Every structure is written in structure tokens, then in C-alpha cells.
$ cat entry12.cif   # mmCIF, C-alpha atoms
data_upload
loop_
_atom_site.label_atom_id
_atom_site.label_comp_id
_atom_site.auth_asym_id
_atom_site.auth_seq_id
_atom_site.Cartn_x
_atom_site.Cartn_y
_atom_site.Cartn_z
CA MET H 5 71.98 118.25 109.33
CA ALA H 6 69.39 120.17 107.31
CA GLY H 7 68.09 121.77 110.50
CA ARG H 8 71.55 122.89 111.57
CA LEU H 9 72.21 124.31 108.11
CA LEU H 10 68.85 126.07 108.14
CA GLY H 11 69.71 127.96 111.32
CA ARG H 12 73.09 128.97 109.94
CA GLY H 13 71.49 130.06 106.69
CA MET H 14 69.04 132.34 108.50
CA LEU H 15 71.89 133.74 110.60
CA ALA H 16 73.99 134.40 107.50
CA GLY H 17 71.01 136.04 105.78
CA CYS H 18 70.36 138.27 108.79
CA ALA H 19 74.00 139.39 108.98
CA ALA H 20 74.10 139.98 105.22
CA ALA H 21 70.91 142.03 105.49
CA ALA H 22 72.55 144.31 108.05
CA LEU H 23 75.34 145.11 105.58
CA ALA H 24 72.80 145.56 102.78
CA PHE H 25 70.91 148.02 105.00
CA LEU H 26 74.04 150.11 105.47
CA PHE H 27 74.62 150.10 101.72
CA ALA H 28 71.03 151.15 101.04
CA ARG H 29 71.22 153.94 103.63
CA ILE H 30 74.38 155.37 102.10
CA PHE H 31 73.68 154.97 98.38
CA GLY H 32 69.94 154.40 97.98
CA GLU H 33 68.21 156.72 100.44
CA PRO H 34 69.65 159.96 98.95
CA GLN H 35 68.11 159.03 95.60
CA VAL H 36 64.78 158.22 97.25
CA ALA H 37 64.81 161.64 98.92
CA LEU H 38 65.44 163.33 95.57
CA ALA H 39 62.62 161.35 93.94
CA ILE H 40 60.22 162.31 96.74
CA ALA H 41 61.20 165.96 96.34
CA PHE H 42 60.44 165.73 92.60
CA GLU H 43 57.07 164.14 93.32
CA ALA H 44 56.23 166.80 95.90
CA SER H 45 57.06 169.60 93.49
CA ARG H 46 54.77 168.09 90.84
CA HIS H 47 51.82 167.98 93.21
CA ALA H 48 52.46 171.23 95.03
CA ALA H 49 49.74 173.12 93.19
CA GLU H 50 47.19 170.36 93.70
CA ALA H 51 48.06 170.01 97.36
CA ALA H 52 47.46 173.73 97.90
CA HIS H 53 43.75 173.22 97.18
CA HIS H 54 43.30 170.05 99.25
CA ALA H 55 43.90 169.23 102.86
CA ALA H 56 47.08 167.25 103.38
CA GLU H 57 46.51 163.59 104.17
CA PRO H 58 47.98 162.38 107.45
CA GLU H 59 51.29 160.54 107.11
CA LEU H 60 50.79 157.01 108.39
CA VAL H 61 54.50 156.24 108.56
CA SER H 62 56.98 159.09 108.77
CA ARG H 63 59.81 159.39 106.28
CA THR H 64 62.30 159.04 109.15
CA VAL H 65 60.83 155.68 110.16
CA GLN H 66 60.71 154.51 106.54
CA ALA H 67 64.40 155.30 106.03
CA THR H 68 65.59 153.75 109.31
CA TYR H 69 63.60 151.18 111.29
CA GLY H 70 61.20 150.40 108.46
CA LEU H 71 63.98 149.80 105.94
CA LEU H 72 66.01 147.77 108.44
CA THR H 73 63.02 145.57 109.33
CA ALA H 74 62.16 144.89 105.70
CA VAL H 75 65.74 144.08 104.71
CA VAL H 76 66.33 141.81 107.72
CA LEU H 77 63.12 139.87 107.09
CA TYR H 78 64.02 139.56 103.41
CA GLY H 79 67.57 138.44 104.16
CA THR H 80 66.57 135.97 106.88
CA GLY H 81 63.90 134.39 104.68
CA PHE H 82 66.19 134.00 101.70
CA GLY H 83 68.95 132.76 104.01
CA GLY H 84 66.70 129.91 105.13
CA LEU H 85 65.77 129.02 101.55
CA PHE H 86 69.41 129.27 100.56
CA ALA H 87 70.37 126.76 103.26
CA LEU H 88 67.74 124.27 102.08
CA VAL H 89 68.91 124.55 98.46
CA PHE H 90 72.51 124.13 99.63
CA ALA H 91 71.63 121.01 101.62
CA TYR H 92 69.95 119.52 98.54
CA ALA H 93 72.83 120.38 96.20
CA TYR H 94 75.78 119.51 98.43
CA GLY H 95 75.43 115.74 98.19
CA ARG H 96 74.88 115.93 94.43
CA LEU H 97 77.83 118.16 93.51
CA ASN H 98 80.70 116.25 95.05
CA LEU H 99 83.37 118.29 93.27
CA TRP H 100 82.55 121.46 95.21
CA SER H 101 83.73 122.37 98.68
CA PRO H 102 81.12 123.96 101.02
CA ARG H 103 82.54 127.46 100.55
CA ALA H 104 82.78 127.14 96.77
CA LEU H 105 79.27 125.68 96.50
CA ALA H 106 77.83 128.42 98.71
CA LEU H 107 79.37 131.10 96.49
CA LEU H 108 78.16 129.31 93.36
CA LEU H 109 74.59 129.13 94.68
CA ALA H 110 74.70 132.74 95.85
CA GLY H 111 75.78 133.82 92.39
CA ALA H 112 73.04 131.73 90.79
CA GLY H 113 70.47 133.17 93.19
CA PHE H 114 71.54 136.73 92.46
CA LEU H 115 71.41 136.05 88.72
CA THR H 116 68.00 134.38 88.60
CA VAL H 117 66.12 136.16 91.40
CA VAL H 118 67.57 139.67 91.03
CA LEU H 119 69.60 140.48 87.93
CA VAL H 120 67.57 138.80 85.18
CA PRO H 121 64.16 140.09 86.44
CA ASP H 122 65.61 143.57 87.00
CA LEU H 123 66.92 143.72 83.45
CA LYS H 124 63.30 143.43 82.24
CA TYR H 125 61.59 145.32 85.05
CA PRO H 126 64.19 147.50 86.80
CA PRO H 127 63.43 148.93 90.25
CA ASN H 128 62.00 152.45 90.32
CA PRO H 129 62.12 155.18 92.96
CA PRO H 130 59.04 157.10 94.17
CA ALA H 131 57.32 159.25 91.52
CA VAL H 132 58.07 156.65 88.81
CA GLY H 133 55.09 154.48 87.91
CA VAL H 134 51.33 154.89 87.67
CA HIS H 135 49.26 153.83 90.67
CA ALA H 136 46.59 152.24 88.46
CA THR H 137 49.10 149.76 87.01
CA LEU H 138 50.63 148.70 90.33
CA ALA H 139 48.95 145.28 90.37
CA PHE H 140 49.91 144.64 86.75
CA ARG H 141 53.55 145.63 87.33
CA THR H 142 53.76 143.49 90.45
CA ALA H 143 52.30 140.45 88.67
CA THR H 144 54.63 140.75 85.68
CA TYR H 145 57.67 141.18 87.93
CA PHE H 146 56.93 138.06 89.96
CA ALA H 147 56.14 136.20 86.76
CA MET H 148 59.60 137.18 85.48
CA ILE H 149 61.19 135.83 88.67
CA GLY H 150 59.32 132.53 88.38
CA LEU H 151 60.20 132.15 84.71
CA SER H 152 63.84 133.01 85.39
CA ILE H 153 64.10 130.30 88.06
CA SER H 154 62.32 127.79 85.82
CA VAL H 155 64.58 128.53 82.85
CA ALA H 156 67.65 128.21 85.08
CA ALA H 157 66.47 124.81 86.31
CA ILE H 158 65.81 123.59 82.76
CA ALA H 159 69.18 124.83 81.51
CA THR H 160 70.95 123.21 84.46
CA LEU H 161 69.31 119.83 83.91
CA ILE H 162 70.07 119.84 80.19
CA GLY H 163 73.63 120.98 80.86
CA GLN H 164 74.10 118.08 83.27
CA LYS H 165 72.82 115.61 80.70
CA ILE H 166 75.25 116.93 78.10
CA THR H 167 78.07 116.84 80.66
CA GLN H 168 77.57 113.10 81.12
CA THR H 169 78.23 112.45 77.43
CA ARG H 170 80.32 115.40 76.18
CA GLY H 171 82.23 116.59 79.25
CA ALA H 172 81.89 119.39 81.78
CA TRP H 173 83.12 122.19 79.52
CA THR H 174 80.66 121.42 76.71
CA GLY H 175 77.82 120.86 79.16
CA THR H 176 78.46 124.17 80.91
CA LEU H 177 78.61 126.12 77.65
CA CYS H 178 75.45 124.49 76.30
CA GLY H 179 73.57 125.08 79.55
CA ALA H 180 74.63 128.74 79.70
CA GLY H 181 73.78 129.29 76.04
CA LEU H 182 70.36 127.70 76.48
CA PHE H 183 69.69 129.86 79.55
CA ILE H 184 70.56 133.07 77.68
CA ALA H 185 68.47 132.10 74.65
CA LEU H 186 65.38 131.14 76.66
CA ILE H 187 65.61 134.23 78.88
CA ALA H 188 65.83 136.43 75.79
CA LEU H 189 62.66 134.83 74.41
CA VAL H 190 60.87 135.21 77.76
CA GLN H 191 61.78 138.88 78.06
CA LEU H 192 60.69 139.55 74.48
CA GLY H 193 57.37 137.87 75.17
CA LEU H 194 56.53 139.77 78.36
CA PRO H 195 55.05 143.27 78.06
CA ASP H 196 57.23 146.34 78.57
CA VAL H 197 56.52 148.97 81.21
CA ASN H 198 57.49 152.59 80.52
CA GLU H 199 56.06 154.97 83.11
CA VAL H 200 58.87 157.43 83.85
CA PRO H 201 57.27 160.89 84.11
CA ASP H 202 58.46 163.75 81.93
CA GLY H 203 61.21 165.75 83.53
CA PHE H 204 62.29 163.11 86.02
CA PRO H 205 66.09 163.40 86.52
CA ALA H 206 67.82 160.62 84.60
CA VAL H 207 70.75 160.64 87.02
CA VAL H 208 68.47 160.00 90.00
CA LEU H 209 66.77 157.10 88.21
CA TRP H 210 70.08 155.56 87.15
CA ARG H 211 71.71 155.92 90.56
CA PHE H 212 68.67 154.51 92.33
CA ARG H 213 68.78 151.43 90.12
CA GLU H 214 72.52 151.10 90.67
CA ALA H 215 71.97 151.29 94.43
CA SER H 216 69.20 148.68 94.28
CA ILE H 217 71.35 146.23 92.35
CA GLY H 218 74.33 147.00 94.59
CA MET H 219 72.30 146.33 97.74
CA GLN H 220 71.22 142.95 96.39
CA LEU H 221 74.79 142.14 95.36
CA VAL H 222 76.01 142.91 98.88
CA LEU H 223 73.24 140.78 100.36
CA TRP H 224 73.76 137.70 98.19
CA GLY H 225 77.55 137.93 98.15
CA THR H 226 77.82 138.30 101.91
CA MET H 227 75.28 135.54 102.47
CA GLY H 228 77.27 133.16 100.28
CA LEU H 229 80.54 133.95 102.02
CA LEU H 230 79.15 133.74 105.56
CA PHE H 231 77.08 130.64 104.98
CA GLY H 232 80.03 128.81 103.43
CA ALA H 233 82.12 129.56 106.51
CA LEU H 234 79.32 128.59 108.92
CA ALA H 235 78.39 125.40 107.08
CA THR H 236 81.92 124.01 106.79
CA PRO H 237 82.22 122.90 110.47
CA VAL H 238 78.79 121.26 110.32
CA LEU H 239 79.73 119.25 107.25
CA ALA H 240 83.18 118.48 108.68
CA ASP H 241 81.50 116.79 111.65
CA ARG H 242 79.44 114.68 109.27
CA THR H 243 82.16 113.59 106.83
CA ALA H 244 85.75 112.50 107.29
CA PRO H 245 88.09 113.63 106.00
CA SER H 246 86.59 117.13 105.77
CA ARG H 247 86.29 118.74 102.35
CA ARG H 248 87.46 122.34 102.50
#

$ encode --input "entry12.cif" --output "C-alpha cells"
Amino acid sequence: MAGRLLGRGMLAGCAAAALAFLFARIFGEPQVALAIAFEASRHAAEAAHHAAEPELVSRTVQATYGLLTAVVLYGTGFGGLFALVFAYAYGRLNLWSPRALALLLAGAGFLTVVLVPDLKYPPNPPAVGVHATLAFRTATYFAMIGLSISVAAIATLIGQKITQTRGAWTGTLCGAGLFIALIALVQLGLPDVNEVPDGFPAVVLWRFREASIGMQLVLWGTMGLLFGALATPVLADRTAPSRR
């Protein structure tokens, strides 16, 4: 069954990535173009005294085939991981139907992998950030993702323990409160990054970050909906009567 779910998860992730690509093209790419224009204007004087470096990948390719390839690979990979997590959780959360569980896991994935890390280290368009700190910023961002997932796992386990003795409502509230408290401590402990250049348009930065979060929301939401629909027939063949 896990193999069948894995294939459906990758298919759902690929389809979700196609919708996320359309969202990014409509809402994200205009902000990227504005950021590139700002960066070009800053370096215009310097470029006049140096020969222009050859462009390895054209802007057209970056905004079309390159973006589509990256998003599809991202969506397909996370779709496969999503299916494996679903297969593990389905037999342990008997109160949830396949569609409801898929949406719950998609929401949890968006929260822990995207929203919480982005609140500490939000995505930036071109011209924002110093090249010398790229490795540092990458390391701290992935550390935030790992810590977010770890905190979510700890809060879930403790919430389940409390549920067994105090009930589902108390367990859920305690788990959520613990997650918020631990994430707040983690984000306070990690270093801040503030590398927005002087004069960069605040509207462009804000709209780029909105588009980035929106693209991820489309991806995870669509993946949860599609995977729930695709997984239901597989699980219906395995159990009788089917839980829908």
C-alpha cells in the first residue's frame, strides 16, 4: 500500500506544482523583474567600466522553463515525502478520514516547513542580501526548518500524552501552546538577518514575500486536496467498510 500511496503522492505533488508555477508567474515574477531592475540601476556606473559578464542562463529561461523545472521537482519530492508521512499516520489516527487527514498533514507541513521558518527568515527577491553571507543565511534557514519540525514533533507527542489523560481538547490546546512557546524561544535564539539595501522599494519586497507564501500555500493546499482524493480508493480497497 505504501508504494501505491507514494506514486499518488508524487503525482499530487507534480500537479500541485503546476498550479504553484502559474501562481508564481502571475504574482511573483513581476516583483522579481522590479528587483532586478533596481539591482541593475545600482550597478550601472560600475558596469560601465567593466566588460559585461556572459549570462549563463537567460532571464527568459529562468522565468519559464527554469522556474517550472524547479517547482515541479520540489513539488514531486515533497509529494513523495507527504505520502510516506500519510501512510505512517493513517493507521495511528483512526478518527480521521483519508481526505481530512491529508488536509491536516498538508496544513501541518505548510506551517512547519514554510510559514514558521519564513517568519524568522522571510524570502527575499534579487538585490536583497549580501553575497558574502549566503552560506550563513542558507545554514540558518535550514536550521530553522529542522528545529520547526522537531518542535512540532515534540509538541505533538506531548499533546497526545495529555490527550490520553485529560481529553482531546486539553491535549490539543497544550500541544499548540507548547509549540508556540518553543518556536518563540527558538526564533529569539537564532541570529537575525537584516540586509535590505537602502532605497529598495518596500512594496516590491512585501509583494514578493506575499507571492512566495502564496505559492507555497497553493502548493501544499492543492497537494493535500488531490492526495486525499487519490488515496481514498486505495484505502477503500484495503479496508471494508471504506472510511470517507

$ atom_distance --input "entry12.cif" --atom1 "CA of Phe204 (chain H)" --atom2 "CA of Ala139 (chain H)"
22.7 Å

$ closest_residue --input "entry12.cif" --among "H:Pro130, H:Gly84, H:Gly113, H:Gly79" --to "Leu209 (chain H)" --atoms "all atoms listed in the file"
H:Pro130

$ closest_residue --input "entry12.cif" --among "H:Ala188, H:Leu9, H:Val197, H:Met14" --to "Tyr92 (chain H)" --atoms "only C-alpha atoms"
H:Leu9

$ closest_residue --input "entry12.cif" --among "H:Met5, H:Ala28, H:Ala147, H:Ala235" --to "Ser101 (chain H)" --atoms "all atoms listed in the file"
H:Ala235

$ resolve_selection --input "entry12.cif" --expression "the PyMOL selection byres ((chain H and resi 159) around 7)" --output "list in words"
Val155, Ala156, Ala157, Ile158, Thr160, Leu161, Ile162, Gly163, Gly179, Ala180, Leu182 and Phe183 of chain H

$ resolve_selection --input "entry12.cif" --expression "the PyMOL selection byres ((chain H and resi 72) around 10)" --output "PyMOL selection string"
chain H and resi 21-22+24-26+28-29+65-71+73-78

$ closest_residue --input "entry12.cif" --among "H:Pro129, H:Gly232, H:Gly203, H:Gly225" --to "Ser45 (chain H)" --atoms "only C-alpha atoms"
H:Gly203

$ build_atoms --input "entry12.cif" --residues "region 171-182 of chain H" --atoms "all heavy atoms" --output "compact mmCIF listing (two decimals), in the coordinates of the input"
# COMPACT_ATOMS: atom_id res chain seq x y z
N GLY H 171 81.25 115.96 78.37
CA GLY H 171 82.23 116.59 79.25
C GLY H 171 81.68 117.86 79.90
O GLY H 171 80.70 118.45 79.44
N ALA H 172 82.36 118.26 80.99
CA ALA H 172 81.89 119.39 81.78
C ALA H 172 81.92 120.70 81.01
O ALA H 172 81.01 121.53 81.13
CB ALA H 172 82.73 119.51 83.06
N TRP H 173 82.99 120.93 80.23
CA TRP H 173 83.12 122.19 79.52
C TRP H 173 81.99 122.37 78.50
O TRP H 173 81.34 123.42 78.45
CB TRP H 173 84.47 122.26 78.82
CG TRP H 173 84.72 123.52 78.05
CD1 TRP H 173 84.81 123.65 76.70
CD2 TRP H 173 84.90 124.84 78.59
NE1 TRP H 173 85.04 124.97 76.36
CE2 TRP H 173 85.09 125.71 77.50
CE3 TRP H 173 84.91 125.34 79.88
CZ2 TRP H 173 85.29 127.08 77.67
CZ3 TRP H 173 85.10 126.71 80.06
CH2 TRP H 173 85.29 127.56 78.97
N THR H 174 81.73 121.34 77.71
CA THR H 174 80.66 121.42 76.71
C THR H 174 79.29 121.54 77.38
O THR H 174 78.44 122.32 76.94
CB THR H 174 80.69 120.17 75.80
OG1 THR H 174 81.96 120.08 75.17
CG2 THR H 174 79.60 120.25 74.74
N GLY H 175 79.09 120.79 78.45
CA GLY H 175 77.82 120.86 79.16
C GLY H 175 77.56 122.23 79.76
O GLY H 175 76.45 122.75 79.70
N THR H 176 78.62 122.84 80.32
CA THR H 176 78.46 124.17 80.91
C THR H 176 78.13 125.21 79.85
O THR H 176 77.25 126.06 80.02
CB THR H 176 79.74 124.57 81.65
OG1 THR H 176 80.01 123.62 82.70
CG2 THR H 176 79.60 125.95 82.27
N LEU H 177 78.86 125.15 78.72
CA LEU H 177 78.61 126.12 77.65
C LEU H 177 77.21 125.95 77.06
O LEU H 177 76.52 126.95 76.81
CB LEU H 177 79.66 125.95 76.55
CG LEU H 177 81.08 126.42 76.87
CD1 LEU H 177 82.00 126.17 75.68
CD2 LEU H 177 81.09 127.90 77.24
N CYS H 178 76.79 124.72 76.86
CA CYS H 178 75.45 124.49 76.30
C CYS H 178 74.36 124.94 77.28
O CYS H 178 73.36 125.54 76.87
CB CYS H 178 75.27 123.02 75.97
SG CYS H 178 76.27 122.45 74.57
N GLY H 179 74.55 124.65 78.56
CA GLY H 179 73.57 125.08 79.55
C GLY H 179 73.48 126.60 79.64
O GLY H 179 72.38 127.16 79.70
N ALA H 180 74.64 127.27 79.64
CA ALA H 180 74.63 128.74 79.70
C ALA H 180 74.02 129.34 78.45
O ALA H 180 73.23 130.30 78.52
CB ALA H 180 76.07 129.24 79.89
N GLY H 181 74.36 128.78 77.28
CA GLY H 181 73.78 129.29 76.04
C GLY H 181 72.27 129.10 75.99
O GLY H 181 71.54 130.00 75.54
N LEU H 182 71.80 127.95 76.46
CA LEU H 182 70.36 127.70 76.48
C LEU H 182 69.66 128.67 77.43
O LEU H 182 68.57 129.19 77.12
CB LEU H 182 70.10 126.26 76.91
CG LEU H 182 68.63 125.84 77.00
CD1 LEU H 182 67.95 125.95 75.64
CD2 LEU H 182 68.52 124.43 77.55
